[in-house]
Number of protein chains: 2
Amino acid sequence: MTVDDQDGAAALLRSAIAGDRRALARLLTVVEAGGDELHSIAAAIFAAGRGAHTVGLTGSPGAGKSTLTDALVGEILLRDGKAAVVAVDPSSPYSGGAILGDRVRLSDAHSLRDDVYMRSLASRGQLGGLSLAVPSAVRALDAAGWPVVLIETVGVGQSEIAIADNDDTTVVVVNPGWGDEVQANKAGLLEIADVLVVNKADRAGADATVRDLERMLHLGSARPWTPAVVTTVATDGIGLDSLWDVICAHRRHLDDSGEGARRRAQRRMAEVRERVRHLLSRATTTAEGTPAGRELLELVSAGSLDPVTAAARLIRIADRVAGGD
Amino acid sequence: MTVDDQDGAAALLRSAIAGDRRALARLLTVVEAGGDELHSIAAAIFAAGRGAHTVGLTGSPGAGKSTLTDALVGEILLRDGKAAVVAVDPSSPYSGGAILGDRVRLSDAHSLRDDVYMRSLASRGQLGGLSLAVPSAVRALDAAGWPVVLIETVGVGQSEIAIADNDDTTVVVVNPGWGDEVQANKAGLLEIADVLVVNKADRAGADATVRDLERMLHLGSARPWTPAVVTTVATDGIGLDSLWDVICAHRRHLDDSGEGARRRAQRRMAEVRERVRHLLSRATTTAEGTPAGRELLELVSAGSLDPVTAAARLIRIADRVAGGD
């Protein structure tokens with residue numbers, strides 16, 4: 001990396017902290033790339049943090065997470081608050097930093113306002129990369145003065161639960177009739193939920209689903225915070241006031257009990273380990289691409305070198321690669 | 001590692017190749033430990049390989065895998081063959097190399113015979129470790145002259161499918177009424193099956209289950225090998241002749257089509273990458289335990305160092321650790 005790049009990243013951070021939205025957008029691109037530029041300013045971004053409250057919205061595809069996120073942003077604005085939204089799309093290979101197609105509505109309604117900021121993060125084809133981009137993006141938004149960051153998982157499945165590792169308050173969105181879902185998935189979602197939302201609550205079966213959820217919540221072991229169950233009809237703006245009240249109550253619980261600080265410390269530790277795995281795996285991939293690495297793998301494929309010996313040799317090549325940069 | 005250890009491991013291998021069963025047992029302990037001693041002889045074990053046919057038996061807990069494995073060993077002996085059995089127990093933290101409790105029957109019936117060898121591998125609490133121990137153990141048994149190695153998963157769930165990565169022929173064991181299982185799990189098991197066994201076929205619903213399986217198999221895309229469906233009553237020794245015939249037919253298909261060599265090459269490549277991940281993760285764990293590593297993680301936990309910077313520093317410590325041994 002050149003001195004110019006470092007200066008450039010540091011200047012972006014200064015401008016973003018001062019409230020420049022274009023600088024923040026470029027800073028988030030640096031963060032998403034996760035390269036040397038990020039490393040040069042990660043400590044400064046962290047030091048500039050103001051303690052934003054992060055709220056993750058997760059749940060099955062089709063539960064109405066996008067609409068609920070939009071409506072929640074509207075509620076926060078009604079209360080004279082401001083909010084940033086990070087839309088995480090594990091299925092999209094690359095967002096180019098652009099707002100995703102289905103979020104144009106949020107963009108139309110809110111994007112010209114100073115009190116809303118919207119950003120999509122895509123996975124670039126690897127979930128590991130995404131799980132690393134989210135915490136860094138949240139810290140950048142925090143440094144830039146956004147007191148609330150909503151993290152919404154767009155698209156399908158796998159990362160529904162992983163996303164909860166990155167937020168202070170996890171909102172799990174379900175619909176009436178959710179009782180029919182696979183038991184194991186239900187248990188996993190209940191485990192991570194701080195707030196449960198039965199969205200599309202004007203549909204048949206909403207009351208039964210609320211009762212079902214409350215019963216399951218009381219079956220679990222006693223927790224310092226019992227997840228609240230809230231009903232909403234996000235398309236009609238119904239129930240958002242209660243939802244935001246409950247989210248704020250959870251935030252106060254985190255602050256008062258010390259649980260928030262404990263969770264954040266745990267998240268930082270987990271992130272270090274995930275980043276180490278990522279850096280080591282990158283060095284190994286690079287090693288596999290060197291002439292020596294390619295030759296090694298060809299020998300294994302041909303059956304003239306055993307995997308145990310090959311792995312040890314590849315590590316030595318990766319060490320040279322990692323040590324050389 | 002001392003020169004004595006190296007000599008010891010090499011001597012064990014020579015004795016095991018010569019047919020010494022006690023030496024083989026000790027060799028497998030070296031293999032299971034996966035440490036420096038294994039590294040010193042891995043190439044020699046690989047070079048001594050004679051091309052054993054590995055047959056994995058997998059399926060839901062309670063499907064009768066252990067009984068079927070015993071009965072299949074009996075069938076192989078009837079045909080004047082010989083067989084080694086590797087029982088993989090992902091749920092047991094440590095086997096101490098001993099035969100698992102529920103395998104005493106196999107042990108009683110077969111263990112005094114020269115043409116049967118039985119070994120349990122336990123996970124030592126980490127699936128990664130187990131997935132590395134199995135291919136090395138299979139190669140050691142191959143070097144020691146065992147022409148057929150049956151790999152049976154003992155215990156529960158998670159690794160049902162992973163185990164198929166280690167064998168030439170995957171036998172999936174189900175029971176009558178299997179049609180009621182979760183659809184996703186069924187699809188995964190059908191995907192890996194070379195041979196499907198409906199065991200306990202004297203129970204109600206066996207015919208329907210066979211029809212169900214055959215229908216599902218024909219729904220899938222055309223494959224060079226269409227999995228055969230075999231019915232057995234392992235407790236009564238019924239159907240084992242057909243099962244072994246089908247397994248042998250699959251072996252011939254692998255040899256004749258070149259598919260066997262392709263699969264083995266792919267498995268070796270996957271094993272190299274898995275081993276590299278394991279070695280790197282071990283170096284990182286060691287780095288975390290050094291005074292510098294501990295200090296780093298304490299700073300992260302306290303919130304005075306950001307995870308991105310901490311990860312980069314931990315890598316540098318890990319490199320020094322890896323370079324120092």
# chains A, B, ... in the order shown; residues from 1 in each chain; ligands from 1

call {"tool": "interface_residues", "arguments": {"of": "chain A", "to": "chain B", "cutoff": "6 Å", "atoms": "only C-alpha atoms", "output": "PyMOL selection string"}}
result
chain A and resi 43+46+265+268+272+275-276+301+306-307+311

call {"tool": "select_by_dssp", "arguments": {"residues": "segment 130-260 of chain A", "states": "strand (DSSP E or B)", "output": "PyMOL selection string"}}
result
chain A and resi 148-153+169-174+195-198+228-231+233+238

call {"tool": "write_last_selection", "arguments": {"atoms": "N, CA and C atoms", "output": "PDB file, in the first residue's frame"}}
result
ATOM      1  N   VAL A 148     -28.320   4.647  15.606  1.00  0.00           N
ATOM      2  CA  VAL A 148     -29.031   3.379  15.460  1.00  0.00           C
ATOM      3  C   VAL A 148     -28.657   2.787  14.108  1.00  0.00           C
ATOM      4  N   VAL A 149     -28.216   1.524  14.103  1.00  0.00           N
ATOM      5  CA  VAL A 149     -27.929   0.838  12.844  1.00  0.00           C
ATOM      6  C   VAL A 149     -28.808  -0.403  12.773  1.00  0.00           C
ATOM      7  N   LEU A 150     -29.713  -0.425  11.799  1.00  0.00           N
ATOM      8  CA  LEU A 150     -30.543  -1.613  11.582  1.00  0.00           C
ATOM      9  C   LEU A 150     -29.817  -2.514  10.593  1.00  0.00           C
ATOM     10  N   ILE A 151     -29.685  -3.794  10.937  1.00  0.00           N
ATOM     11  CA  ILE A 151     -29.045  -4.756  10.035  1.00  0.00           C
ATOM     12  C   ILE A 151     -30.120  -5.725   9.569  1.00  0.00           C
ATOM     13  N   GLU A 152     -30.357  -5.735   8.279  1.00  0.00           N
ATOM     14  CA  GLU A 152     -31.423  -6.578   7.746  1.00  0.00           C
ATOM     15  C   GLU A 152     -30.831  -7.604   6.794  1.00  0.00           C
ATOM     16  N   THR A 153     -31.184  -8.861   6.992  1.00  0.00           N
ATOM     17  CA  THR A 153     -30.727  -9.902   6.069  1.00  0.00           C
ATOM     18  C   THR A 153     -31.695  -9.994   4.912  1.00  0.00           C
ATOM     19  N   THR A 169     -29.436  -6.067  19.580  1.00  0.00           N
ATOM     20  CA  THR A 169     -30.808  -6.531  19.748  1.00  0.00           C
ATOM     21  C   THR A 169     -31.208  -7.299  18.497  1.00  0.00           C
ATOM     22  N   THR A 170     -31.624  -8.550  18.679  1.00  0.00           N
ATOM     23  CA  THR A 170     -32.023  -9.361  17.531  1.00  0.00           C
ATOM     24  C   THR A 170     -33.540  -9.462  17.463  1.00  0.00           C
ATOM     25  N   VAL A 171     -34.093  -8.983  16.354  1.00  0.00           N
ATOM     26  CA  VAL A 171     -35.533  -9.049  16.120  1.00  0.00           C
ATOM     27  C   VAL A 171     -35.797 -10.180  15.130  1.00  0.00           C
ATOM     28  N   VAL A 172     -36.527 -11.191  15.562  1.00  0.00           N
ATOM     29  CA  VAL A 172     -36.863 -12.306  14.676  1.00  0.00           C
ATOM     30  C   VAL A 172     -38.284 -12.093  14.153  1.00  0.00           C
ATOM     31  N   VAL A 173     -38.415 -12.074  12.823  1.00  0.00           N
ATOM     32  CA  VAL A 173     -39.700 -11.788  12.188  1.00  0.00           C
ATOM     33  C   VAL A 173     -40.324 -13.089  11.694  1.00  0.00           C
ATOM     34  N   VAL A 174     -41.549 -13.359  12.155  1.00  0.00           N
ATOM     35  CA  VAL A 174     -42.277 -14.540  11.672  1.00  0.00           C
ATOM     36  C   VAL A 174     -43.657 -14.096  11.194  1.00  0.00           C
ATOM     37  N   VAL A 195     -36.422  -9.946  20.543  1.00  0.00           N
ATOM     38  CA  VAL A 195     -37.778  -9.472  20.258  1.00  0.00           C
ATOM     39  C   VAL A 195     -38.343 -10.355  19.152  1.00  0.00           C
ATOM     40  N   LEU A 196     -39.573 -10.828  19.329  1.00  0.00           N
ATOM     41  CA  LEU A 196     -40.233 -11.629  18.295  1.00  0.00           C
ATOM     42  C   LEU A 196     -41.370 -10.819  17.695  1.00  0.00           C
ATOM     43  N   VAL A 197     -41.374 -10.695  16.379  1.00  0.00           N
ATOM     44  CA  VAL A 197     -42.434  -9.959  15.697  1.00  0.00           C
ATOM     45  C   VAL A 197     -43.261 -10.933  14.873  1.00  0.00           C
ATOM     46  N   VAL A 198     -44.574 -10.966  15.130  1.00  0.00           N
ATOM     47  CA  VAL A 198     -45.481 -11.679  14.231  1.00  0.00           C
ATOM     48  C   VAL A 198     -45.987 -10.630  13.242  1.00  0.00           C
ATOM     49  N   ALA A 228     -39.888 -10.324  24.151  1.00  0.00           N
ATOM     50  CA  ALA A 228     -41.257  -9.850  24.004  1.00  0.00           C
ATOM     51  C   ALA A 228     -41.796 -10.284  22.643  1.00  0.00           C
ATOM     52  N   VAL A 229     -43.105 -10.553  22.574  1.00  0.00           N
ATOM     53  CA  VAL A 229     -43.750 -10.880  21.308  1.00  0.00           C
ATOM     54  C   VAL A 229     -44.625  -9.692  20.900  1.00  0.00           C
ATOM     55  N   VAL A 230     -44.371  -9.158  19.709  1.00  0.00           N
ATOM     56  CA  VAL A 230     -45.087  -7.981  19.213  1.00  0.00           C
ATOM     57  C   VAL A 230     -45.770  -8.349  17.905  1.00  0.00           C
ATOM     58  N   THR A 231     -47.007  -7.863  17.685  1.00  0.00           N
ATOM     59  CA  THR A 231     -47.660  -8.088  16.382  1.00  0.00           C
ATOM     60  C   THR A 231     -47.605  -6.802  15.563  1.00  0.00           C
ATOM     61  N   VAL A 233     -48.475  -5.075  11.386  1.00  0.00           N
ATOM     62  CA  VAL A 233     -48.852  -5.149   9.975  1.00  0.00           C
ATOM     63  C   VAL A 233     -48.023  -4.050   9.313  1.00  0.00           C
ATOM     64  N   ILE A 238     -48.912  -0.629  11.249  1.00  0.00           N
ATOM     65  CA  ILE A 238     -49.526  -0.987  12.542  1.00  0.00           C
ATOM     66  C   ILE A 238     -48.536  -1.742  13.433  1.00  0.00           C
TER      67      ILE A 238
END

call {"tool": "atom_distance", "arguments": {"atom1": "atom CA of Asp20 of chain B", "atom2": "atom CA of Asp168 of chain B"}}
result
26.1 Å

call {"tool": "select_by_dssp", "arguments": {"residues": "segment 179-274 of chain B", "states": "alpha helix (DSSP H)", "output": "PyMOL selection string"}}
result
chain B and resi 183-192+206-219+240-257+259-274

call {"tool": "closest_residue", "arguments": {"among": "B:Ala234, B:Leu78, B:Leu28, B:Ala9", "to": "Lys200 of chain B", "atoms": "only C-alpha atoms"}}
result
B:Ala234

call {"tool": "decode", "arguments": {"residues": "segment 133-257 of chain B", "atoms": "C-alpha atoms", "output": "mmCIF file, in the first residue's frame"}}
result
data_model
loop_
_atom_site.group_PDB
_atom_site.id
_atom_site.type_symbol
_atom_site.label_atom_id
_atom_site.label_comp_id
_atom_site.auth_asym_id
_atom_site.auth_seq_id
_atom_site.Cartn_x
_atom_site.Cartn_y
_atom_site.Cartn_z
ATOM 1 C CA ALA B 133 -7.993 -39.331 11.311
ATOM 2 C CA VAL B 134 -10.198 -41.501 9.078
ATOM 3 C CA PRO B 135 -8.318 -41.187 5.760
ATOM 4 C CA SER B 136 -4.955 -41.741 7.488
ATOM 5 C CA ALA B 137 -6.304 -44.770 9.355
ATOM 6 C CA VAL B 138 -7.679 -46.207 6.116
ATOM 7 C CA ARG B 139 -4.298 -45.756 4.418
ATOM 8 C CA ALA B 140 -2.557 -47.481 7.324
ATOM 9 C CA LEU B 141 -4.942 -50.452 7.099
ATOM 10 C CA ASP B 142 -4.427 -50.518 3.335
ATOM 11 C CA ALA B 143 -0.637 -50.571 3.816
ATOM 12 C CA ALA B 144 -1.040 -53.398 6.346
ATOM 13 C CA GLY B 145 -2.728 -55.511 3.674
ATOM 14 C CA TRP B 146 -6.442 -55.164 4.443
ATOM 15 C CA PRO B 147 -8.166 -55.320 1.038
ATOM 16 C CA VAL B 148 -11.572 -54.168 2.302
ATOM 17 C CA VAL B 149 -12.090 -51.467 4.922
ATOM 18 C CA LEU B 150 -15.632 -50.919 6.192
ATOM 19 C CA ILE B 151 -16.176 -47.485 7.745
ATOM 20 C CA GLU B 152 -19.156 -47.311 10.028
ATOM 21 C CA THR B 153 -20.468 -44.196 11.708
ATOM 22 C CA VAL B 154 -21.498 -44.937 15.282
ATOM 23 C CA GLY B 155 -23.766 -42.543 17.130
ATOM 24 C CA VAL B 156 -25.691 -39.593 15.949
ATOM 25 C CA GLY B 157 -26.317 -37.357 13.049
ATOM 26 C CA GLN B 158 -24.090 -34.557 11.915
ATOM 27 C CA SER B 159 -21.350 -36.531 10.262
ATOM 28 C CA GLU B 160 -23.682 -38.920 8.419
ATOM 29 C CA ILE B 161 -22.909 -37.232 5.154
ATOM 30 C CA ALA B 162 -19.312 -36.113 5.810
ATOM 31 C CA ILE B 163 -18.217 -39.721 6.211
ATOM 32 C CA ALA B 164 -19.069 -40.384 2.561
ATOM 33 C CA ASP B 165 -16.112 -38.166 1.653
ATOM 34 C CA ASN B 166 -13.780 -40.934 2.827
ATOM 35 C CA ASP B 167 -15.024 -44.033 1.033
ATOM 36 C CA ASP B 168 -15.142 -45.582 -2.433
ATOM 37 C CA THR B 169 -18.640 -47.008 -1.979
ATOM 38 C CA THR B 170 -21.241 -45.382 0.240
ATOM 39 C CA VAL B 171 -23.945 -47.630 1.662
ATOM 40 C CA VAL B 172 -26.903 -45.707 3.102
ATOM 41 C CA VAL B 173 -28.937 -47.748 5.592
ATOM 42 C CA VAL B 174 -32.613 -46.944 6.137
ATOM 43 C CA ASN B 175 -35.622 -48.760 7.592
ATOM 44 C CA PRO B 176 -39.204 -49.346 6.482
ATOM 45 C CA GLY B 177 -41.160 -46.138 7.011
ATOM 46 C CA TRP B 178 -38.197 -43.994 6.108
ATOM 47 C CA GLY B 179 -40.539 -42.027 3.815
ATOM 48 C CA ASP B 180 -41.632 -40.045 6.876
ATOM 49 C CA GLU B 181 -38.215 -38.500 7.432
ATOM 50 C CA VAL B 182 -37.462 -34.875 6.752
ATOM 51 C CA GLN B 183 -37.304 -34.269 3.012
ATOM 52 C CA ALA B 184 -34.026 -32.327 3.044
ATOM 53 C CA ASN B 185 -32.176 -35.072 4.920
ATOM 54 C CA LYS B 186 -33.547 -37.684 2.519
ATOM 55 C CA ALA B 187 -32.305 -35.776 -0.494
ATOM 56 C CA GLY B 188 -28.842 -35.436 1.063
ATOM 57 C CA LEU B 189 -28.605 -39.163 1.810
ATOM 58 C CA LEU B 190 -29.849 -40.163 -1.651
ATOM 59 C CA GLU B 191 -27.282 -37.812 -3.173
ATOM 60 C CA ILE B 192 -24.365 -39.652 -1.552
ATOM 61 C CA ALA B 193 -25.716 -43.229 -1.794
ATOM 62 C CA ASP B 194 -24.072 -45.743 -4.117
ATOM 63 C CA VAL B 195 -26.053 -48.537 -2.476
ATOM 64 C CA LEU B 196 -29.292 -48.173 -0.507
ATOM 65 C CA VAL B 197 -30.153 -50.786 2.088
ATOM 66 C CA VAL B 198 -33.629 -51.125 3.561
ATOM 67 C CA ASN B 199 -32.672 -52.965 6.728
ATOM 68 C CA LYS B 200 -35.204 -54.560 9.122
ATOM 69 C CA ALA B 201 -37.078 -55.444 5.920
ATOM 70 C CA ASP B 202 -39.285 -57.917 7.811
ATOM 71 C CA ARG B 203 -41.139 -54.934 9.253
ATOM 72 C CA ALA B 204 -44.315 -53.446 7.786
ATOM 73 C CA GLY B 205 -43.862 -50.999 4.957
ATOM 74 C CA ALA B 206 -40.616 -52.391 3.505
ATOM 75 C CA ASP B 207 -42.059 -52.751 -0.012
ATOM 76 C CA ALA B 208 -43.448 -49.211 0.043
ATOM 77 C CA THR B 209 -40.080 -47.854 1.194
ATOM 78 C CA VAL B 210 -38.260 -49.688 -1.618
ATOM 79 C CA ARG B 211 -40.747 -48.285 -4.165
ATOM 80 C CA ASP B 212 -40.392 -44.797 -2.650
ATOM 81 C CA LEU B 213 -36.588 -44.966 -2.860
ATOM 82 C CA GLU B 214 -36.583 -46.275 -6.425
ATOM 83 C CA ARG B 215 -38.988 -43.541 -7.482
ATOM 84 C CA MET B 216 -36.803 -40.843 -5.876
ATOM 85 C CA LEU B 217 -33.663 -42.294 -7.468
ATOM 86 C CA HIS B 218 -35.259 -42.147 -10.906
ATOM 87 C CA LEU B 219 -36.362 -38.548 -10.363
ATOM 88 C CA GLY B 220 -32.736 -37.488 -10.074
ATOM 89 C CA SER B 221 -30.473 -36.622 -12.963
ATOM 90 C CA ALA B 222 -28.997 -39.489 -14.945
ATOM 91 C CA ARG B 223 -25.842 -40.852 -13.325
ATOM 92 C CA PRO B 224 -23.295 -43.314 -14.707
ATOM 93 C CA TRP B 225 -24.117 -45.542 -11.717
ATOM 94 C CA THR B 226 -27.738 -45.863 -10.603
ATOM 95 C CA PRO B 227 -27.776 -46.707 -6.892
ATOM 96 C CA ALA B 228 -29.152 -50.176 -6.219
ATOM 97 C CA VAL B 229 -31.782 -50.761 -3.524
ATOM 98 C CA VAL B 230 -31.229 -53.911 -1.429
ATOM 99 C CA THR B 231 -33.396 -55.289 1.391
ATOM 100 C CA THR B 232 -31.808 -56.980 4.410
ATOM 101 C CA VAL B 233 -32.708 -58.408 7.793
ATOM 102 C CA ALA B 234 -29.229 -58.125 9.294
ATOM 103 C CA THR B 235 -30.180 -59.821 12.585
ATOM 104 C CA ASP B 236 -31.167 -62.963 10.623
ATOM 105 C CA GLY B 237 -28.388 -62.741 8.042
ATOM 106 C CA ILE B 238 -30.904 -62.208 5.231
ATOM 107 C CA GLY B 239 -29.913 -60.266 2.098
ATOM 108 C CA LEU B 240 -26.197 -59.976 2.859
ATOM 109 C CA ASP B 241 -25.213 -61.976 -0.218
ATOM 110 C CA SER B 242 -27.076 -59.537 -2.499
ATOM 111 C CA LEU B 243 -25.615 -56.566 -0.610
ATOM 112 C CA TRP B 244 -22.031 -57.760 -1.000
ATOM 113 C CA ASP B 245 -22.647 -58.580 -4.695
ATOM 114 C CA VAL B 246 -23.887 -55.022 -5.298
ATOM 115 C CA ILE B 247 -20.933 -53.524 -3.412
ATOM 116 C CA CYS B 248 -18.538 -55.580 -5.550
ATOM 117 C CA ALA B 249 -20.400 -54.515 -8.710
ATOM 118 C CA HIS B 250 -19.973 -50.883 -7.677
ATOM 119 C CA ARG B 251 -16.276 -51.468 -7.110
ATOM 120 C CA ARG B 252 -15.983 -52.869 -10.663
ATOM 121 C CA HIS B 253 -17.883 -49.852 -11.990
ATOM 122 C CA LEU B 254 -15.412 -47.529 -10.206
ATOM 123 C CA ASP B 255 -12.427 -49.405 -11.671
ATOM 124 C CA ASP B 256 -13.790 -49.787 -15.201
ATOM 125 C CA SER B 257 -15.116 -46.249 -15.614
#
